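Visitor: Here you go, my_file-v8.cif (mmCIF, C-alpha atoms):
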data_run
#
loop_
_atom_site.label_atom_id
_atom_site.label_comp_id
_atom_site.auth_asym_id
_atom_site.auth_seq_id
_atom_site.Cartn_x
_atom_site.Cartn_y
_atom_site.Cartn_z
CA MET A 144 -1.43 -45.74 33.71
CA LYS A 145 1.71 -46.32 31.71
CA GLU A 146 2.65 -46.63 28.08
CA ALA A 147 2.76 -49.98 26.33
CA ILE A 148 3.33 -50.75 22.66
CA ILE A 149 1.02 -52.47 20.21
CA THR A 150 2.93 -54.60 17.71
CA ASP A 151 1.96 -56.71 14.74
CA ILE A 152 2.22 -60.53 14.91
CA ASN A 153 5.96 -60.28 14.12
CA GLY A 154 6.65 -57.85 16.98
CA LEU A 155 6.98 -54.75 14.75
CA TYR A 156 6.00 -51.49 16.50
CA ILE A 157 2.60 -50.15 15.39
CA GLU A 158 1.51 -47.62 17.99
CA PRO A 159 1.58 -46.78 21.70
CA THR A 160 -1.30 -47.53 24.04
CA LEU A 161 -2.01 -47.20 27.77
CA VAL A 162 -2.18 -50.03 30.30
CA ALA A 163 -2.50 -50.19 34.08
CA ASP A 164 0.73 -49.55 36.02
CA SER A 165 0.71 -53.12 37.34
CA VAL A 166 0.67 -54.70 33.84
CA THR A 167 3.98 -56.10 32.65
CA GLY A 168 4.73 -58.60 29.91
CA VAL A 169 3.46 -59.49 26.45
CA PHE A 170 -0.19 -60.21 25.74
CA PRO A 171 -1.79 -61.35 22.48
CA ILE A 172 -4.39 -59.19 20.78
CA GLU A 173 -7.09 -61.47 19.46
CA GLU A 174 -9.76 -60.83 16.88
CA SER A 175 -12.99 -62.80 17.10
CA MET A 176 -14.03 -64.74 14.07
CA GLU A 177 -17.07 -66.86 13.55
CA SER A 178 -17.01 -70.14 11.71
CA GLU A 179 -19.87 -72.40 10.77
CA THR A 180 -19.91 -76.11 11.27
CA SER A 181 -21.73 -78.61 9.09
CA ASN A 182 -24.92 -78.41 11.17
CA GLN A 183 -25.06 -74.58 10.80
CA SER A 184 -24.13 -73.82 14.42
CA VAL A 185 -21.75 -70.90 14.95
CA ILE A 186 -18.52 -71.60 16.86
CA PRO A 187 -16.62 -68.53 18.00
CA GLU A 188 -12.91 -68.58 17.12
CA SER A 189 -10.19 -66.06 17.63
CA LYS A 190 -7.11 -65.13 15.68
CA ILE A 191 -4.00 -63.36 17.05
CA THR A 192 -3.54 -60.10 15.16
CA GLY A 193 -0.76 -58.59 17.26
CA TYR A 194 0.57 -58.11 20.77
CA THR A 195 0.47 -55.57 23.56
CA VAL A 196 4.02 -55.26 24.87
CA ALA A 197 4.07 -53.75 28.35
CA ILE A 198 7.86 -53.65 28.51
CA PRO A 199 9.74 -50.32 28.28
CA LEU A 200 10.95 -49.41 24.79
CA PRO A 201 14.58 -48.22 24.85
CA ASP A 202 15.42 -44.93 23.15
CA GLY A 203 17.31 -44.79 19.87
CA LEU A 204 15.82 -47.77 18.04
CA TYR A 205 14.93 -47.53 14.37
CA ASP A 206 11.67 -49.25 13.42
CA PRO A 207 11.54 -51.04 16.83
CA THR A 208 10.70 -54.73 16.79
CA PHE A 209 10.09 -56.91 19.83
CA ASP A 210 11.78 -60.35 19.61
CA LEU A 211 8.75 -62.43 20.64
CA ILE A 212 10.45 -65.83 20.28
CA SER A 213 13.53 -64.97 22.38
CA TYR A 214 11.32 -63.25 24.95
CA ASP A 215 9.06 -66.30 25.23
CA GLN A 216 12.05 -68.62 25.68
CA ALA A 217 13.60 -66.36 28.33
CA ARG A 218 10.26 -65.98 30.13
CA LYS A 219 9.77 -69.76 30.27
CA HIS A 220 13.32 -70.26 31.48
CA TYR A 221 12.86 -67.60 34.18
CA GLU A 222 9.50 -69.02 35.29
CA LYS A 223 11.01 -72.52 35.58
CA ALA A 224 13.99 -71.17 37.53
CA TYR A 225 11.62 -69.24 39.83
CA ALA A 226 9.43 -72.31 40.37
CA ASP A 227 12.56 -74.32 41.26
CA TYR A 228 13.58 -71.57 43.68
CA GLN A 229 10.11 -71.61 45.32
CA LYS A 230 10.30 -75.39 45.61
CA GLN A 231 13.76 -75.24 47.23
CA LEU A 232 12.60 -72.47 49.54
CA SER A 233 9.54 -74.47 50.66
CA VAL A 234 11.73 -77.37 51.83
CA TYR A 235 14.56 -75.24 53.20
CA ASP A 236 15.30 -75.73 56.88
CA PRO A 237 17.13 -72.72 58.37
CA GLU A 238 18.53 -74.90 61.14
CA SER A 239 20.13 -77.35 58.67
CA GLY A 240 23.16 -75.17 58.11
CA GLU A 241 22.66 -75.27 54.35
CA LEU A 242 22.86 -72.11 52.25
CA VAL A 243 19.62 -70.23 51.76
CA PRO A 244 18.25 -70.81 48.23
CA GLN A 245 18.78 -67.79 46.00
CA PRO A 246 16.15 -66.48 43.59
CA PRO A 247 17.04 -66.46 39.89
CA LEU A 248 18.67 -63.32 38.55
CA SER A 249 16.18 -60.78 37.30
CA VAL A 250 15.95 -60.27 33.55
CA ASP A 251 16.09 -56.95 31.73
CA TRP A 252 13.07 -57.60 29.53
CA SER A 253 13.67 -54.46 27.47
CA GLN A 254 16.69 -56.23 25.92
CA PHE A 255 14.26 -58.01 23.60
CA TRP A 256 13.52 -54.78 21.73
CA ARG A 257 15.64 -54.64 18.56
CA ASN A 258 16.23 -52.38 15.58
CA GLY A 259 13.88 -53.43 12.82
CA LEU A 260 16.28 -52.00 10.23
CA THR A 261 19.70 -53.25 9.19
CA ASP A 262 22.80 -51.19 9.94
CA GLU A 263 22.97 -50.20 6.25
CA GLU A 264 19.35 -48.99 6.29
CA ILE A 265 20.00 -46.98 9.46
CA GLU A 266 23.12 -45.37 7.92
CA ALA A 267 21.07 -44.43 4.82
CA LEU A 268 18.56 -42.60 7.07
CA LYS A 269 21.18 -40.46 8.77
CA PRO A 270 21.67 -37.06 7.12
CA ILE A 271 25.01 -36.32 5.53
CA PRO A 272 26.70 -33.81 7.82
CA GLN A 273 27.21 -30.43 6.20
CA PRO A 274 30.41 -28.64 7.16
CA ASP A 275 30.06 -25.46 9.13
CA PRO A 276 31.14 -22.51 6.90
CA THR A 277 33.07 -20.97 9.78
CA GLU A 278 34.95 -24.22 10.35
CA THR A 279 35.59 -24.53 6.60
CA LEU A 280 37.03 -20.99 6.40
CA GLY A 281 39.02 -21.56 9.56
CA GLY A 282 40.40 -24.78 8.12
CA GLN A 283 41.35 -23.01 4.89
CA MET A 284 43.09 -20.25 6.83
CA VAL A 285 45.03 -22.77 8.87
CA GLN A 286 46.00 -24.55 5.64
CA ARG A 287 47.26 -21.26 4.12
CA GLU A 288 49.23 -20.47 7.29
CA LEU A 289 50.82 -23.91 7.18
CA GLU A 290 51.73 -23.41 3.51
CA ALA A 291 53.25 -19.98 4.30
CA LEU A 292 55.21 -21.51 7.18
CA GLU A 293 56.47 -24.23 4.86
CA PHE A 294 57.58 -21.60 2.30
CA ARG A 295 59.39 -19.69 5.06
CA GLU A 296 61.17 -22.87 6.15
CA GLN A 297 62.16 -23.57 2.53
CA ASN A 298 63.46 -19.99 2.20
CA VAL A 299 65.58 -20.44 5.33
CA ILE A 300 66.94 -23.72 3.95
CA LEU A 301 67.68 -22.09 0.56
CA GLY A 302 69.27 -19.08 2.28
CA THR A 303 71.49 -21.43 4.32
CA LYS A 304 72.53 -23.25 1.16
CA ILE A 305 73.32 -19.93 -0.61
CA VAL A 306 75.48 -18.84 2.35
CA GLU A 307 77.27 -22.21 2.28
CA LYS A 308 77.96 -21.81 -1.48
CA GLU A 309 79.22 -18.25 -0.97
CA LEU A 310 81.54 -19.48 1.78
CA GLN A 311 82.80 -22.22 -0.53
CA ILE A 312 83.42 -19.60 -3.28
CA LEU A 313 85.31 -17.38 -0.82
CA GLU A 314 87.34 -20.38 0.29
CA LEU A 315 88.13 -21.23 -3.33
CA LYS A 316 89.09 -17.59 -4.00
CA GLY A 317 91.40 -17.70 -0.97
CA LYS A 318 92.98 -20.92 -2.26
CA ASP A 319 93.25 -19.35 -5.73
CA GLU A 320 95.03 -16.29 -4.30
CA THR A 321 97.36 -18.54 -2.29
CA LEU A 322 98.05 -20.58 -5.41
CA ASP A 323 98.70 -17.37 -7.40
CA ARG A 324 101.21 -16.22 -4.75
CA THR A 325 102.86 -19.61 -4.72
CA VAL A 326 103.14 -19.55 -8.52
CA ALA A 327 104.51 -15.99 -8.39
CA ASP A 328 107.04 -17.03 -5.73
CA LEU A 329 108.08 -20.01 -7.79
CA GLU A 330 108.46 -17.87 -10.93
CA ARG A 331 110.57 -15.33 -9.02
CA ARG A 332 112.68 -18.09 -7.59
CA LEU A 333 113.09 -19.63 -11.02
CA LEU A 334 114.21 -16.25 -12.35
CA GLU A 335 116.69 -15.92 -9.50
CA LEU A 336 118.04 -19.40 -10.19
CA GLU A 337 118.35 -18.65 -13.90
CA ALA A 338 120.14 -15.37 -13.10
CA LYS A 339 122.58 -17.15 -10.82
CA ALA A 340 123.15 -19.83 -13.42
CA ASN A 341 124.01 -17.20 -16.02
CA VAL A 342 126.50 -15.49 -13.81
#
Write out the structure in this file as structure tokens.
Guide:
Amino acid sequence: MKEAIITDINGLYIEPTLVADSVTGVFPIEESMESETSNQSVIPESKITGYTVAIPLPDGLYDPTFDLISYDQARKHYEKAYADYQKQLSVYDPESGELVPQPPLSVDWSQFWRNGLTDEEIEALKPIPQPDPTETLGGQMVQRELEALEFREQNVILGTKIVEKELQILELKGKDETLDRTVADLERRLLELEAKANV
């Protein structure tokens, strides 16, 4: 025995059921109904109320729905292709030198299972991930370390600028002292020239 799925008439998953291992495909579930004719005789009728889908259901689907129309089209196409293959095989002569007829490619019938919900509905079902407190604290610590490193780098830059300014001040003081000496030399020389002129 293996699991199959009972669906409603639109292919929407209802419940699992068991079928024989050899059963594969889609089979209608019919409900008997009785109707009366004009001469009061009872004619049995049946109504399709759902389907037994003996095709594996892939994992991870939300509100699984079997695409009955696409499946039916693919099944008919495959059956026609297989009948054509059988026909070609029955007339094939191995001594003719022609290529051996090839059977149609097999179909992955489980591809006809679909999500019954839209992507938006699926996203709404997923829980909002809660951050791990350890990761949050770790992230905050890393952030603080990065901020401290940035402050250290700014301090180094400011320290470098202060040293540059101090060097500029020392250079200006040196120029000022040189200028003072030059002025003093010029004044002395002027005094010497005035003294010589008075003599």
Visitor: Which value, in Å to one decimal, gives the distance between atom CA of A:Val166 and atom CA of A:Ile149?
Guide: 13.8 Å
Visitor: Quick one: everything within 12 Å of A:Asp215, counting only C-alpha atoms, minus sequence neighbours fewer than 3 positions away in the same chain. Send it as a list in words.
Guide: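 Selected residues are Gly168, Val169, Phe170, Phe209, Asp210, Leu211, Ile212, Arg218, Lys219, His220, Tyr221, Glu222, Trp252 and Phe255 of chain A.
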Visitor: For atom CA of A:Met144 and atom CA of A:Asp251, quote the distance in Å rounded to one decimal.
Guide: 20.9 Å
Visitor: Rounded to one decimal place, report the atom CA of A:Val285-atom CA of A:Val299 distance in Å.
Guide: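 Rounded to one decimal, the two atoms are 21.0 Å apart.
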Visitor: Using all atoms listed in the file, which of A:Pro276, A:Gly282, A:Gly259, A:Pro270 sits nearest A:Tyr205?
Guide: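 Between A:Pro276, A:Gly282, A:Gly259, A:Pro270, the residue approaching A:Tyr205 most closely is A:Gly259.
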Visitor: So that all listed atoms of stretch 258-263 of chain A fit with 6 Å spare on each side, what axis-aligned box centre and edge lengths in Å, to one decimal, would you give as AutoDock Vina command-line options?
Guide:
--center_x 18.4 --center_y -51.8 --center_z 10.9 --size_x 21.1 --size_y 15.2 --size_z 21.3
Visitor: Residues near A:Ile172, anyone? I mean within 12 Å using all atoms listed in the file, not counting same-chain ones fewer than 6 positions away, as a compact mmCIF listing (two decimals) with C-alpha atoms, in the coordinates of the input.
Guide:
# COMPACT_ATOMS: atom_id res chain seq x y z
CA ILE A 148 3.33 -50.75 22.66
CA ILE A 149 1.02 -52.47 20.21
CA THR A 150 2.93 -54.60 17.71
CA ASP A 151 1.96 -56.71 14.74
CA ILE A 152 2.22 -60.53 14.91
CA GLY A 154 6.65 -57.85 16.98
CA SER A 189 -10.19 -66.06 17.63
CA LYS A 190 -7.11 -65.13 15.68
CA ILE A 191 -4.00 -63.36 17.05
CA THR A 192 -3.54 -60.10 15.16
CA GLY A 193 -0.76 -58.59 17.26
CA TYR A 194 0.57 -58.11 20.77
CA THR A 195 0.47 -55.57 23.56
CA VAL A 196 4.02 -55.26 24.87
Visitor: Output the residue selection produced by the PyMOL selection byres ((chain A and resi 147) around 6) on the file above, formatted as a ChimeraX atom specification.
Guide: /A:146,148,159-161,196-197
Visitor: Considering all atoms listed in the file, state which residue in the set A:Pro199, A:Gly317, A:Gly240, A:Pro187 is at the smallest distance from A:Trp256.
Guide: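 Comparing A:Pro199, A:Gly317, A:Gly240, A:Pro187 against A:Trp256, the winner is A:Pro199.
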Visitor: Running the PyMOL selection byres ((chain A and resi 203) around 12) on this model by hand, what would come out? Give it as a ChimeraX atom specification.
Guide: /A:200-202,204-207,256-259,265
Visitor: Need to verify the contact set: A:Val243, 8 Å, all atoms listed in the file, exclusion of same-chain residues closer than 3 positions in sequence. Can you return it as a PyMOL selection string?
Guide: chain A and resi 232+235+237
Visitor: Might you pull out every residue within 8 Å of stretch 228-230 of chain A, with all atoms listed in the file counted and same-chain residues fewer than 2 positions away left off, and present them as a PDB file with C-alpha atoms, keeping the file's coordinate frame?
Guide:
ATOM      1  CA  ALA A 224      13.990 -71.170  37.530  1.00  0.00           C
ATOM      2  CA  TYR A 225      11.620 -69.240  39.830  1.00  0.00           C
ATOM      3  CA  ALA A 226       9.430 -72.310  40.370  1.00  0.00           C
ATOM      4  CA  LEU A 232      12.600 -72.470  49.540  1.00  0.00           C
ATOM      5  CA  SER A 233       9.540 -74.470  50.660  1.00  0.00           C
ATOM      6  CA  VAL A 234      11.730 -77.370  51.830  1.00  0.00           C
ATOM      7  CA  PRO A 244      18.250 -70.810  48.230  1.00  0.00           C
ATOM      8  CA  GLN A 245      18.780 -67.790  46.000  1.00  0.00           C
ATOM      9  CA  PRO A 246      16.150 -66.480  43.590  1.00  0.00           C
ATOM     10  CA  PRO A 247      17.040 -66.460  39.890  1.00  0.00           C
TER      11      PRO A 247
END
Visitor: Output requested as a tab-separated table (two decimals), in the coordinates of the input - stretch 212-223 of chain A, filled out with all heavy atoms.
Guide:
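So part-v4.tsv came out as:
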chain	number	residue	atom	x	y	z
A	212	ILE	N	9.98	-64.45	20.07
A	212	ILE	CA	10.45	-65.83	20.28
A	212	ILE	C	11.49	-65.87	21.40
A	212	ILE	O	11.38	-66.67	22.33
A	212	ILE	CB	11.01	-66.41	18.97
A	212	ILE	CG1	9.88	-66.53	17.93
A	212	ILE	CG2	11.68	-67.76	19.21
A	212	ILE	CD1	10.34	-66.85	16.53
A	213	SER	N	12.50	-64.99	21.33
A	213	SER	CA	13.53	-64.97	22.38
A	213	SER	C	12.93	-64.60	23.73
A	213	SER	O	13.31	-65.15	24.77
A	213	SER	CB	14.64	-63.98	22.02
A	213	SER	OG	15.30	-64.40	20.85
A	214	TYR	N	11.98	-63.65	23.71
A	214	TYR	CA	11.32	-63.25	24.95
A	214	TYR	C	10.58	-64.44	25.56
A	214	TYR	O	10.68	-64.70	26.77
A	214	TYR	CB	10.32	-62.11	24.70
A	214	TYR	CG	9.38	-61.88	25.85
A	214	TYR	CD1	9.78	-61.18	26.98
A	214	TYR	CD2	8.08	-62.40	25.83
A	214	TYR	CE1	8.93	-60.99	28.05
A	214	TYR	CE2	7.22	-62.22	26.89
A	214	TYR	CZ	7.65	-61.51	28.01
A	214	TYR	OH	6.81	-61.34	29.07
A	215	ASP	N	9.83	-65.17	24.74
A	215	ASP	CA	9.06	-66.30	25.23
A	215	ASP	C	9.97	-67.38	25.83
A	215	ASP	O	9.68	-67.93	26.89
A	215	ASP	CB	8.20	-66.89	24.11
A	215	ASP	CG	7.11	-67.80	24.64
A	215	ASP	OD1	6.44	-67.41	25.62
A	215	ASP	OD2	6.95	-68.91	24.09
A	216	GLN	N	11.10	-67.64	25.16
A	216	GLN	CA	12.05	-68.62	25.68
A	216	GLN	C	12.64	-68.16	27.02
A	216	GLN	O	12.73	-68.94	27.97
A	216	GLN	CB	13.18	-68.86	24.68
A	216	GLN	CG	12.74	-69.57	23.42
A	216	GLN	CD	13.82	-69.57	22.34
A	216	GLN	OE1	14.81	-68.86	22.43
A	216	GLN	NE2	13.60	-70.39	21.31
A	217	ALA	N	13.03	-66.89	27.09
A	217	ALA	CA	13.60	-66.36	28.33
A	217	ALA	C	12.57	-66.35	29.45
A	217	ALA	O	12.89	-66.67	30.61
A	217	ALA	CB	14.14	-64.95	28.10
A	218	ARG	N	11.33	-66.00	29.12
A	218	ARG	CA	10.26	-65.98	30.13
A	218	ARG	C	10.03	-67.38	30.69
A	218	ARG	O	9.95	-67.57	31.90
A	218	ARG	CB	8.97	-65.45	29.51
A	218	ARG	CG	7.80	-65.34	30.49
A	218	ARG	CD	6.51	-64.96	29.80
A	218	ARG	NE	6.16	-65.82	28.69
A	218	ARG	CZ	5.59	-67.03	28.82
A	218	ARG	NH1	5.33	-67.52	30.00
A	218	ARG	NH2	5.30	-67.75	27.75
A	219	LYS	N	9.96	-68.38	29.81
A	219	LYS	CA	9.77	-69.76	30.27
A	219	LYS	C	10.94	-70.22	31.13
A	219	LYS	O	10.74	-70.87	32.16
A	219	LYS	CB	9.58	-70.69	29.07
A	219	LYS	CG	8.24	-70.53	28.39
A	219	LYS	CD	8.14	-71.40	27.15
A	219	LYS	CE	6.82	-71.18	26.44
A	219	LYS	NZ	6.75	-71.91	25.16
A	220	HIS	N	12.14	-69.88	30.70
A	220	HIS	CA	13.32	-70.26	31.48
A	220	HIS	C	13.30	-69.60	32.86
A	220	HIS	O	13.58	-70.25	33.88
A	220	HIS	CB	14.59	-69.85	30.72
A	220	HIS	CG	15.85	-70.24	31.41
A	220	HIS	ND1	16.52	-69.40	32.26
A	220	HIS	CD2	16.55	-71.41	31.40
A	220	HIS	CE1	17.58	-70.00	32.74
A	220	HIS	NE2	17.62	-71.24	32.24
A	221	TYR	N	12.92	-68.31	32.91
A	221	TYR	CA	12.86	-67.60	34.18
A	221	TYR	C	11.76	-68.18	35.07
A	221	TYR	O	11.98	-68.39	36.28
A	221	TYR	CB	12.61	-66.11	33.95
A	221	TYR	CG	12.54	-65.33	35.23
A	221	TYR	CD1	13.69	-64.95	35.91
A	221	TYR	CD2	11.30	-65.00	35.81
A	221	TYR	CE1	13.63	-64.26	37.10
A	221	TYR	CE2	11.24	-64.31	37.00
A	221	TYR	CZ	12.40	-63.94	37.64
A	221	TYR	OH	12.34	-63.26	38.83
A	222	GLU	N	10.60	-68.47	34.50
A	222	GLU	CA	9.50	-69.02	35.29
A	222	GLU	C	9.87	-70.38	35.86
A	222	GLU	O	9.54	-70.69	37.01
A	222	GLU	CB	8.23	-69.11	34.44
A	222	GLU	CG	7.60	-67.76	34.19
A	222	GLU	CD	6.43	-67.81	33.23
A	222	GLU	OE1	6.13	-68.90	32.67
A	222	GLU	OE2	5.80	-66.75	33.01
A	223	LYS	N	10.57	-71.21	35.08
A	223	LYS	CA	11.01	-72.52	35.58
A	223	LYS	C	12.02	-72.34	36.71
A	223	LYS	O	11.93	-72.99	37.75
A	223	LYS	CB	11.62	-73.34	34.45
A	223	LYS	CG	12.05	-74.73	34.91
A	223	LYS	CD	12.76	-75.47	33.81
A	223	LYS	CE	13.22	-76.84	34.23
A	223	LYS	NZ	13.88	-76.94	35.50
